[in-house]
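Visitor: Handing you a structure now.
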Amino acid sequence: MMLIRPIACVVNYVTTLNESLKKISSKKLTKSQRVWLTIVLMGLIVTGSFNWAAFERRSLGEHKESGLRWVFRHAKIMWARLLQASIVNILSHYEVNKGVLVLDDSDKMRSRNTSKIAGVHKVKDKKTGGYFEGQEFVFLLLVTDKITIPVGFRFYVPNPAIKEWKEIIKAEKNAGITAKNRTKRPEINPEYPSKQMLGLDLLKTFSQNHPDITVQAVLADALYGNQKFMDEAAIVTRCEQVISQLRRNQLVRYCGKNIPLTTYFNRIAGVVYDLVVRGGETKKVTVLSARLRVVSHKKKRFVIALKYEGETDYRFIVAKNLSWRHMDVVRTYTLRWLVEVFISDWKGHGGWNALSKQQGVDSATNGVTLSLLCDHLLLLHPSQSALIKNKQPGMSVGCLVERINAEALIDGINHIVNADDPKKELNKFALALENSMPNRSSSKHLIGRDLGRMEPSASLRYQKAA
């Protein structure tokens, strides 16, 4: 069992984080808050979950569950500035001054009976096509030539009025009511921003907080491939290039007619290229491109039809800046896959995805903030930093977590060996370890239970004879 220990790399991260916080805010972390943050970050990494009881057990009772929870819910910590301070710290450490911003959304399944966890609603299951109760997030990632770092997130909650409207529309369609006579869509409610609005807010916040970072491009999937998002994203980030995707049935203007994208690009054979994917491996792709007026966007866009070797259908990439070369757009768009890698790492090692049952909006938001700080902490691990600064491939999140677990184990052993009385310290450690072990009753063993009578009854012997 790996233990929660205040190892050097975590203590140093919290110290530098506090120094960055002092630069951007008037309020810094107190000494007790720094100790608490060190323990919680170690707890998230060591246990792989957001569980106060597990933190108490892994610290051998040194840090009580009630105390850790109280600080989380009541301490006056500048949560809104904490993530920003950590970003400033990392950007300064790696001397980052430019990069690509990538947007994507994800979800977390919750129990059907959940009532107190913030933002839980019915979510479409992309794997099965069904639905489940869960939470949804929008993440913003900064991809640079050195590191990939999460720089923001928002919880998404759908407008309940839209859900009611869709049910009304469904009933009206079944009743045969014509489109012009159906109930109009409700107005946008600022209390329930769409994912596109949340994405724009993330882009705007990052650009305001880090004006010295040059945004080379903004990437997002087809959900964000509308005219309003692409134009406003370019404005808030002061970046001319926004790259997204179009649906196959979207219309473009050609020879005075509106025709679907598939019809336009299926007229001619594509050109085969060797595509360098994220600066690494090379893949065969078939590409077609044209600068076309997209009807829904009401302006000309750079549209690129792309399919990888073995695929039969094109996917359609759309770019705002018409002056880029088509293969430069395609190579840049391959970076969008990195946000999928981040989300997978975050769910597997960030701690928040397991047993994160904190109630209320603030607790949910602060919990995700802590889990993202874990990702930042791993980026500043001495081993990772040495590799990246020497232009070597960085280690995966799983490898870094294993290293921190090993460092915590070695730190615990050193504490015992270097004590004035090692044997006494070992006995103390063993007793604390034994006392921290949970004692849960097993339902498999039925000792002490009345299992009923399992033998023949003398008064019913005649039934056997019959």
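Labels used: A, B, ... for chains in the order of the structure tokens, numbers from 1 for residues in each chain, and numbers from 1 for ligands as shown.
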Taking 6 positions as the minimum chain separation for residues in the same chain, which residues sit within 12 Å of region 180-183 of chain A when counting only C-alpha atoms? Answer as a PyMOL selection string.
Guide: chain A and resi 162+164-174
Visitor: With a distance cut-off of 8 Å and only C-alpha atoms, select the neighbouring residues of Ala290 (chain A), excluding the residue or stretch itself and same-chain residues fewer than 6 positions from it, and output the selection as a PDB file with C-alpha atoms, in the first residue's frame.
Guide:
```pdb
ATOM      1  CA  PHE A 302     -11.347  26.881 -46.705  1.00  0.00           C
ATOM      2  CA  VAL A 303     -12.916  23.392 -46.913  1.00  0.00           C
ATOM      3  CA  ILE A 304     -10.706  20.285 -46.990  1.00  0.00           C
TER       4      ILE A 304
END
```
Visitor: Which residue, A:Asn18, A:Asn418, A:Thr365, A:Gln241, has the smallest gap to Phe155 (chain A) when you use only C-alpha atoms?
Guide: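 Between A:Asn18, A:Asn418, A:Thr365, A:Gln241, the residue approaching Phe155 (chain A) most closely is A:Thr365.
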Visitor: Please run DSSP on the backbone and report, as a PyMOL selection string, all residues within region 383-448 of chain A that come out as helix (DSSP H, G or I).
Guide: chain A and resi 383-389+397-417+422-436
Visitor: Save the residues we just selected, C-alpha atoms, as an mmCIF file, in the first residue's frame?
Guide:
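File produced: again_5.cif:
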```cif
data_model
loop_
_atom_site.group_PDB
_atom_site.id
_atom_site.type_symbol
_atom_site.label_atom_id
_atom_site.label_comp_id
_atom_site.auth_asym_id
_atom_site.auth_seq_id
_atom_site.Cartn_x
_atom_site.Cartn_y
_atom_site.Cartn_z
ATOM 1 C CA SER A 383 12.389 13.683 -14.166
ATOM 2 C CA GLN A 384 9.795 15.019 -16.607
ATOM 3 C CA SER A 385 11.273 18.507 -16.590
ATOM 4 C CA ALA A 386 14.777 17.181 -17.306
ATOM 5 C CA LEU A 387 13.553 15.163 -20.289
ATOM 6 C CA ILE A 388 11.539 17.986 -21.842
ATOM 7 C CA LYS A 389 14.219 20.641 -21.345
ATOM 8 C CA VAL A 397 1.208 10.094 -16.806
ATOM 9 C CA GLY A 398 1.122 6.477 -15.619
ATOM 10 C CA CYS A 399 4.930 6.310 -15.405
ATOM 11 C CA LEU A 400 5.082 9.557 -13.430
ATOM 12 C CA VAL A 401 2.428 8.333 -10.985
ATOM 13 C CA GLU A 402 4.438 5.142 -10.410
ATOM 14 C CA ARG A 403 7.572 7.221 -9.774
ATOM 15 C CA ILE A 404 5.797 9.373 -7.204
ATOM 16 C CA ASN A 405 4.458 6.250 -5.473
ATOM 17 C CA ALA A 406 7.995 4.855 -5.342
ATOM 18 C CA GLU A 407 9.367 8.151 -4.004
ATOM 19 C CA ALA A 408 6.706 8.168 -1.277
ATOM 20 C CA LEU A 409 7.661 4.613 -0.283
ATOM 21 C CA ILE A 410 11.369 5.475 -0.162
ATOM 22 C CA ASP A 411 10.618 8.611 1.859
ATOM 23 C CA GLY A 412 8.716 6.526 4.413
ATOM 24 C CA ILE A 413 11.569 4.022 4.693
ATOM 25 C CA ASN A 414 14.146 6.811 5.086
ATOM 26 C CA HIS A 415 12.067 8.313 7.877
ATOM 27 C CA ILE A 416 12.226 5.026 9.791
ATOM 28 C CA VAL A 417 15.893 4.228 9.083
ATOM 29 C CA PRO A 422 14.633 2.915 14.190
ATOM 30 C CA LYS A 423 13.073 -0.120 15.894
ATOM 31 C CA LYS A 424 10.729 2.022 17.953
ATOM 32 C CA GLU A 425 9.829 4.057 14.869
ATOM 33 C CA LEU A 426 9.147 0.849 12.915
ATOM 34 C CA ASN A 427 6.849 -0.461 15.649
ATOM 35 C CA LYS A 428 5.059 2.883 15.699
ATOM 36 C CA PHE A 429 4.696 2.726 11.925
ATOM 37 C CA ALA A 430 3.394 -0.864 12.027
ATOM 38 C CA LEU A 431 0.821 0.036 14.708
ATOM 39 C CA ALA A 432 -0.366 3.065 12.742
ATOM 40 C CA LEU A 433 -0.609 0.943 9.600
ATOM 41 C CA GLU A 434 -2.625 -1.721 11.413
ATOM 42 C CA ASN A 435 -4.974 0.858 12.936
ATOM 43 C CA SER A 436 -5.546 2.491 9.555
#
```
Visitor: Write out as a tab-separated table the residues of region 299-372 of chain A that have any atom within 12 Å of an atom of region 204-216 of chain A, one row each with the nearest atom pair and its distance in Å to one decimal, counting only C-alpha atoms, sorted by chain and then rising number.
Guide:
```
residue	atom	partner	partner_atom	distance
A:Asn321	CA	A:Gln216	CA	11.5
A:Trp324	CA	A:Gln216	CA	11.9
A:Val329	CA	A:Gln216	CA	11.5
A:Thr332	CA	A:Gln216	CA	9.7
A:Tyr333	CA	A:Gln216	CA	11.9
```
Visitor: Produce a file of the selected residues containing C-alpha atoms, as a tab-separated table (two decimals), in the first residue's frame.
Guide:
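Ended up saving to out-v5.tsv:
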```tsv
chain	number	residue	atom	x	y	z
A	321	ASN	CA	-8.03	31.72	-42.66
A	324	TRP	CA	-2.96	28.75	-45.19
A	329	VAL	CA	-4.33	23.00	-42.01
A	332	THR	CA	-2.44	21.34	-37.47
A	333	TYR	CA	-5.82	19.65	-37.07
```
Visitor: When DSSP works through the backbone of this structure, what residues of region 264-441 of chain A end up as strand (DSSP E), shown as a PyMOL selection string?
Guide: chain A and resi 271-276+282-294+299-308+315-319
Visitor: Any chance you can output those residues with N, CA and C atoms as an mmCIF file, in the first residue's frame?
Guide:
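Generated output (again-v2.cif):
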```
data_model
loop_
_atom_site.group_PDB
_atom_site.id
_atom_site.type_symbol
_atom_site.label_atom_id
_atom_site.label_comp_id
_atom_site.auth_asym_id
_atom_site.auth_seq_id
_atom_site.Cartn_x
_atom_site.Cartn_y
_atom_site.Cartn_z
ATOM 1 N N VAL A 271 -6.193 13.470 -54.101
ATOM 2 C CA VAL A 271 -4.741 13.332 -54.255
ATOM 3 C C VAL A 271 -4.183 12.670 -52.998
ATOM 4 N N VAL A 272 -3.325 11.665 -53.184
ATOM 5 C CA VAL A 272 -2.745 10.934 -52.056
ATOM 6 C C VAL A 272 -1.490 11.660 -51.573
ATOM 7 N N TYR A 273 -1.436 11.885 -50.252
ATOM 8 C CA TYR A 273 -0.285 12.561 -49.636
ATOM 9 C C TYR A 273 0.249 11.703 -48.489
ATOM 10 N N ASP A 274 1.489 11.962 -48.116
ATOM 11 C CA ASP A 274 2.056 11.417 -46.880
ATOM 12 C C ASP A 274 1.882 12.481 -45.804
ATOM 13 N N LEU A 275 0.997 12.196 -44.851
ATOM 14 C CA LEU A 275 0.699 13.163 -43.789
ATOM 15 C C LEU A 275 1.535 12.858 -42.553
ATOM 16 N N VAL A 276 2.304 13.825 -42.103
ATOM 17 C CA VAL A 276 3.064 13.691 -40.860
ATOM 18 C C VAL A 276 2.128 14.034 -39.704
ATOM 19 N N THR A 282 4.107 8.837 -40.153
ATOM 20 C CA THR A 282 3.546 9.283 -41.427
ATOM 21 C C THR A 282 2.434 8.336 -41.861
ATOM 22 N N LYS A 283 1.316 8.912 -42.310
ATOM 23 C CA LYS A 283 0.183 8.116 -42.778
ATOM 24 C C LYS A 283 -0.238 8.568 -44.171
ATOM 25 N N LYS A 284 -0.748 7.606 -44.938
ATOM 26 C CA LYS A 284 -1.274 7.912 -46.262
ATOM 27 C C LYS A 284 -2.679 8.497 -46.125
ATOM 28 N N VAL A 285 -2.905 9.635 -46.754
ATOM 29 C CA VAL A 285 -4.224 10.263 -46.729
ATOM 30 C C VAL A 285 -4.587 10.728 -48.135
ATOM 31 N N THR A 286 -5.888 10.768 -48.380
ATOM 32 C CA THR A 286 -6.404 11.311 -49.634
ATOM 33 C C THR A 286 -7.036 12.660 -49.335
ATOM 34 N N VAL A 287 -6.626 13.677 -50.069
ATOM 35 C CA VAL A 287 -7.029 15.049 -49.746
ATOM 36 C C VAL A 287 -7.563 15.763 -50.984
ATOM 37 N N LEU A 288 -8.635 16.527 -50.768
ATOM 38 C CA LEU A 288 -9.150 17.488 -51.745
ATOM 39 C C LEU A 288 -9.424 18.779 -50.998
ATOM 40 N N SER A 289 -9.287 19.909 -51.651
ATOM 41 C CA SER A 289 -9.549 21.169 -50.962
ATOM 42 C C SER A 289 -10.097 22.204 -51.928
ATOM 43 N N ALA A 290 -10.846 23.150 -51.362
ATOM 44 C CA ALA A 290 -11.391 24.255 -52.165
ATOM 45 C C ALA A 290 -11.813 25.369 -51.228
ATOM 46 N N ARG A 291 -11.714 26.578 -51.707
ATOM 47 C CA ARG A 291 -12.199 27.732 -50.949
ATOM 48 C C ARG A 291 -13.610 28.037 -51.442
ATOM 49 N N LEU A 292 -14.587 27.679 -50.602
ATOM 50 C CA LEU A 292 -15.992 27.706 -51.011
ATOM 51 C C LEU A 292 -16.816 28.559 -50.065
ATOM 52 N N ARG A 293 -17.911 29.052 -50.573
ATOM 53 C CA ARG A 293 -18.872 29.767 -49.731
ATOM 54 C C ARG A 293 -19.754 28.729 -49.038
ATOM 55 N N VAL A 294 -19.633 28.643 -47.714
ATOM 56 C CA VAL A 294 -20.464 27.730 -46.925
ATOM 57 C C VAL A 294 -21.776 28.446 -46.627
ATOM 58 N N LYS A 299 -20.386 32.962 -45.741
ATOM 59 C CA LYS A 299 -19.100 33.508 -46.195
ATOM 60 C C LYS A 299 -18.223 32.383 -46.708
ATOM 61 N N LYS A 300 -17.121 32.779 -47.325
ATOM 62 C CA LYS A 300 -16.206 31.795 -47.898
ATOM 63 C C LYS A 300 -15.313 31.204 -46.807
ATOM 64 N N ARG A 301 -15.146 29.882 -46.862
ATOM 65 C CA ARG A 301 -14.264 29.161 -45.947
ATOM 66 C C ARG A 301 -13.328 28.263 -46.757
ATOM 67 N N PHE A 302 -12.268 27.841 -46.096
ATOM 68 C CA PHE A 302 -11.347 26.881 -46.705
ATOM 69 C C PHE A 302 -11.808 25.489 -46.278
ATOM 70 N N VAL A 303 -12.366 24.712 -47.220
ATOM 71 C CA VAL A 303 -12.916 23.392 -46.913
ATOM 72 C C VAL A 303 -11.979 22.323 -47.461
ATOM 73 N N ILE A 304 -11.636 21.353 -46.612
ATOM 74 C CA ILE A 304 -10.706 20.285 -46.990
ATOM 75 C C ILE A 304 -11.381 18.942 -46.745
ATOM 76 N N ALA A 305 -11.456 18.122 -47.785
ATOM 77 C CA ALA A 305 -11.974 16.756 -47.666
ATOM 78 C C ALA A 305 -10.797 15.825 -47.405
ATOM 79 N N LEU A 306 -10.911 15.012 -46.360
ATOM 80 C CA LEU A 306 -9.782 14.182 -45.927
ATOM 81 C C LEU A 306 -10.271 12.788 -45.576
ATOM 82 N N LYS A 307 -9.540 11.776 -46.019
ATOM 83 C CA LYS A 307 -9.796 10.410 -45.552
ATOM 84 C C LYS A 307 -8.469 9.659 -45.458
ATOM 85 N N TYR A 308 -8.355 8.884 -44.373
ATOM 86 C CA TYR A 308 -7.150 8.100 -44.154
ATOM 87 C C TYR A 308 -7.210 6.809 -44.966
ATOM 88 N N ARG A 315 -14.040 13.053 -44.384
ATOM 89 C CA ARG A 315 -14.424 13.987 -43.327
ATOM 90 C C ARG A 315 -14.058 15.372 -43.835
ATOM 91 N N PHE A 316 -14.797 16.378 -43.381
ATOM 92 C CA PHE A 316 -14.642 17.713 -43.965
ATOM 93 C C PHE A 316 -14.148 18.699 -42.911
ATOM 94 N N ILE A 317 -12.927 19.151 -43.100
ATOM 95 C CA ILE A 317 -12.302 20.129 -42.214
ATOM 96 C C ILE A 317 -12.559 21.519 -42.774
ATOM 97 N N VAL A 318 -12.866 22.458 -41.888
ATOM 98 C CA VAL A 318 -13.121 23.830 -42.323
ATOM 99 C C VAL A 318 -12.183 24.767 -41.574
ATOM 100 N N ALA A 319 -11.584 25.699 -42.295
ATOM 101 C CA ALA A 319 -10.648 26.664 -41.708
ATOM 102 C C ALA A 319 -11.097 28.076 -42.030
#
```
Visitor: So which residues touch Leu41 (chain A) within 8 Å, counting only C-alpha atoms, skipping near sequence neighbours fewer than 5 positions away, as an MDAnalysis selection string?
Guide: chainID A and resid 10 370:371 373:374
Visitor: Which residues are near Met230 (chain A)? Cut-off 12 Å, only C-alpha atoms, ignore same chain within fewer than 2 positions. Put them as an MDAnalysis selection string.
Guide: chainID A and resid 196:197 199:200 203 217:228 232:246 297 299 301 318:321
Visitor: For a test of reading the model, state the distance in Å between CA of Glu95 (chain A) and CA of Lys391 (chain A), rounded to one decimal.
Guide: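 Rounded to one decimal, the two atoms are 13.3 Å apart.
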Visitor: Excluding Arg154 (chain A) and its own-chain neighbours fewer than 2 positions away, which residues fall within 7 Å of it when counting only C-alpha atoms? Please give them as a list in words.
Guide: Phe137, Val138, Phe139, Tyr156 and Leu198 of chain A
Visitor: Skipping near chain neighbours, those fewer than 6 positions away, what residues fall within 9 Å of Ser49 (chain A) using only C-alpha atoms, listed as an MDAnalysis selection string?
Guide: chainID A and resid 43 349:356
Visitor: Tell me, as a list in words, which residues lie within 8 Å of Thr47 (chain A), counting only C-alpha atoms; anything in the same chain fewer than 6 positions away does not count.
Guide: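 Once the adjacent positions are removed, what remains is Ala54, Phe55, Arg58 and Gly351 of chain A.
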Visitor: CA of Ser363 (chain A) to CA of Ser92 (chain A): how many Å, to one decimal?
Guide: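 Straight-line distance from CA of Ser363 (chain A) to CA of Ser92 (chain A) works out to 29.1 Å.
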Visitor: Between CA of Asn113 (chain A) and CA of Gln359 (chain A), what is the spacing in Å?
Guide: 13.7 Å
